Structures are given as structure tokens and as C-alpha cells.
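What follows is one structure encoded as C-alpha cells, with my remarks underneath.
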Amino acid sequence: MAILYLVRHGEAQPVGSCCVGCGTDLPLTETGRRQGQELGRCFRGLDPGPVYTSPLRRCRETARLLAGPCRELQVCPGLRELDMGCWDGLPFEMIRRDYPELYAARGEDHSLQPPGAESYPAAAARMEQALAAIAQQLGPVGEGAVLCHSGALRAFLCQITATPYRENRRWKLPHGSVTILEHSPTGWQLLGAGLPADQRPDDGAIAGLWETYGAGERAQRHCQAVAEKTAFLCRGLAEAGVVLDEDLVRKAALLHDLRRQEPRHARAGARLLRRLGYFRVAAVVAAHEDPDCPPQLDEVGLLYLADKLVQEDREVGIEARFAASLAKCATEEAKQQWERRLRHAQALEGLIRQHLHRL
């Protein structure tokens, strides 16, 4: 089943001062750009297909920040915001003055639209068409990030959940939030709406994940030992002036081998965590097998190194850890990957040794 992550664009100008629809094309604010950069960190490791976006500038700018400089953006006109008719772009003060009755009535029934505007059923129908086309392009096991707008998305959510359009405001969709949809031949399933991109599981949720989805006690003990190692390294680096997100790397360490029984277990674990709404943790988990080059002293690099310093639940040196895995390399390609990963771990160890006297 295809999974779509519907992302509301970052904050755009002007903030809250006028009626904004598809006829008002706005750039991001500085806050909106920061939100886009955070989305980029949260969706690191997603399958390297296109990022889908509304044609409006606020979505395209957010999509580029999420996608990074290399990934393709695919513009989908059906993802555009509601057409707000004669109100589009007008200051709210002017709307209150010139349309007092309709403005007051929308306080009770927000599906009432100004003259010339798009109806909520019409917006829901073209969103359905656009999202179904994206799901078909992704295929039955694909994932994709989709940049869209709150008004059109609320209309679509009302349609698939049988919520009256007049109650569309019940869906709280802050800038930069993520709504998760699963598409199958039987239709749409809503998995979460308006989730913060940096949502993280607490310790109780982590225990529940292991109980429901975990690869067994040995894998869990390994993750706990790696988490202890990351905490030690994080605190030592902090004393040396290198501050990393200890909470993030600890939670990623506790979950990095959650799906160890599956081929490409890092990717499988990250997909599961994204589906559950833990995007930032998933991004670190996704990279712990094959992190980006060159090595970077960040949360991803720290988890990668800590994982290579722990064999099962015992601390070992890098060489001992890699010597144990060499026997599993049955092909020349596997040996080349093994050598690349060893060099990566050694480089990260060297970066950390610049700040710490011992591991």
C-alpha cells in the first residue's frame, strides 16, 4: 500500500492579515524557511523519487527545502489551494466591512464560500484525483512527500472521513505539519493528521514498538547497549563544545535494529517509524547502515559509529566488530561495501578523537 505524507507548506507572507487562496502567490517567511529546513532533516532517507508539490510558491519553496538540491520536484496543479473568489488576497478588515453577514455566518459554517469561490466538494474531488494519481505513480509499496495547503487538504479529509464540510476546521494543520495517508485498492486510510514533523516516541511508546514490531530480545539488548554508548559520546562531545541532540540520537539508537529480521532492516525500520509519525527519528535510523559521505559528526554519524563499537550487547573496537562481519561478505561487491563502511567508521572515530581523549 502506498503511503503519502501530505505536508502543509511553511509559514508564508503576510502572516494572518489577508484571505489567502490559490490566487495569492506568497513567499515563505524566515520562519517558513526554517520549517522547510527541518522538514528536510525529517524526511532524510525517504525513497529518492520526486517530491510532489502544489504550483504555488509557498509550497514550491518548502518542497525544495524538504527535497534538497538534487531531488526532482513534480508540480501537480490539482494540489493547489482553494480558490477564494472575490475575497482572494483581500485584507480581513476589508472583508468584515464589505461582507459582514457572510463573514459572520462563516464563523458557524466555515464551508460557506464567498462569491466566485471554489466549493469544498469541488476541492475535495480534484485533490482526490491528484493524490490517487500520485499513489499510482508510487506503486503499492512506495512512499512520497506531497506539499499542499490547509484549505484543500481539510476538504479532502472531510470527504474521506465522512466529516461534514461545515466542520472542516476540526482538522488542525499547522504550517510544516504532516498528515499521513495510506492508499489501497479499497480507498484511503487516514493514519494521522497535522502531526509535528519532529514528533518523537517516549520510552513507553518505544517499549510498545518493540513488543508489537520488534526483532527479538537480542536485537533489543543490542539497541540498548548502543543507546548507552551514544549517550556517553554525546556527553563527552558536549563537554568539548560539540552539542548534538542527545534525545534524538538516543531514541534512534533504541530503535535502529527494530526490524533487524528484515532485509535492508534500516530502511524497513525507517518506513515503519515514518508510518507511525516519527519522522525525525526515522531519518536517523534510515542512515545507520549506509550514512552519507563524507562522514559528518552529527546524530547520524554518532549512531553509525556507536553501532560499530558494540557487538551484540558488548563494547568492542571497530576492527573487532568489522572482522566479525567480514565472513558474511560472499561477493566482491559485498566486500567493497564492507571496506567502505569500515573507512567511514574509522573516519568518524578520528573526528571524535579530535574532541575526546578516549572512547
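Every chain in the C-alpha cells has a letter given in the order shown (A, B, ...), and although residue numbers restart at 1 in each chain, ligands are simply numbered from 1 in the order shown.
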
Filtered DSSP result for range 79-300 of chain A, state alpha helix (DSSP H), as a ChimeraX atom specification: /A:92-98,100-105,120-138,150-161,203-213,217-239,246-255,265-275,279-286,299-300

Spatial neighbours of Leu326 in chain A, 10 Å, only C-alpha atoms, chain gap at least 3 places, as a PyMOL selection string: chain A and resi 321-323+329-330+334-335+338-339

Residues near Tyr278 in chain A, cut-off 6 Å, only C-alpha atoms, skip fewer than 3 positions along chain, as a ChimeraX atom specification: /A:199-200,273-274,281

For the residues in the current selection, export N, CA and C atoms as a tab-separated table (two decimals), in the first residue's frame.
```tsv
chain	number	residue	atom	x	y	z
A	199	GLN	N	7.95	14.97	15.87
A	199	GLN	CA	7.34	14.15	16.91
A	199	GLN	C	8.22	12.95	17.22
A	200	ARG	N	8.36	12.65	18.53
A	200	ARG	CA	9.24	11.55	18.94
A	200	ARG	C	8.52	10.64	19.93
A	273	LEU	N	8.62	3.61	11.15
A	273	LEU	CA	8.59	4.78	12.04
A	273	LEU	C	7.94	5.98	11.37
A	274	ARG	N	8.20	6.19	10.08
A	274	ARG	CA	7.51	7.28	9.37
A	274	ARG	C	6.01	7.04	9.35
A	281	VAL	N	13.17	10.74	13.95
A	281	VAL	CA	13.85	9.53	14.42
A	281	VAL	C	14.07	8.58	13.24
```

Residues near Pro295 in chain A, anyone? I mean within 12 Å using only C-alpha atoms, not counting same-chain ones fewer than 2 positions away, as a PyMOL selection string. chain A and resi 287-288+290-293+297-305+340-352

Using only C-alpha atoms, which residues sit within 6 Å of range 151-167 of chain A once same-chain residues fewer than 4 positions away are excluded, as a PyMOL selection string? chain A and resi 81-82+109-111+120+123-124

Contacts of Val242 in chain A at 9 Å or less, counting only C-alpha atoms, minus same-chain residues fewer than 4 places along, as a ChimeraX atom specification? /A:234,236-238,297,355

Export, as a PDB file, in the first residue's frame, the selected residues with C-alpha atoms.
```
ATOM      1  CA  CYS A 234      27.134  12.844  23.341  1.00  0.00           C
ATOM      2  CA  GLY A 236      31.734  13.862  26.179  1.00  0.00           C
ATOM      3  CA  LEU A 237      31.307  15.883  22.997  1.00  0.00           C
ATOM      4  CA  ALA A 238      29.114  18.400  24.836  1.00  0.00           C
ATOM      5  CA  LEU A 297      29.881  14.490  13.220  1.00  0.00           C
ATOM      6  CA  HIS A 355      37.463  16.180  20.776  1.00  0.00           C
TER       7      HIS A 355
END
```

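Counting only C-alpha atoms, the residue from A:Gln296, A:Ile134, A:Ala67, A:Asp198 that sits nearest to Leu244 in chain A is A:Gln296.
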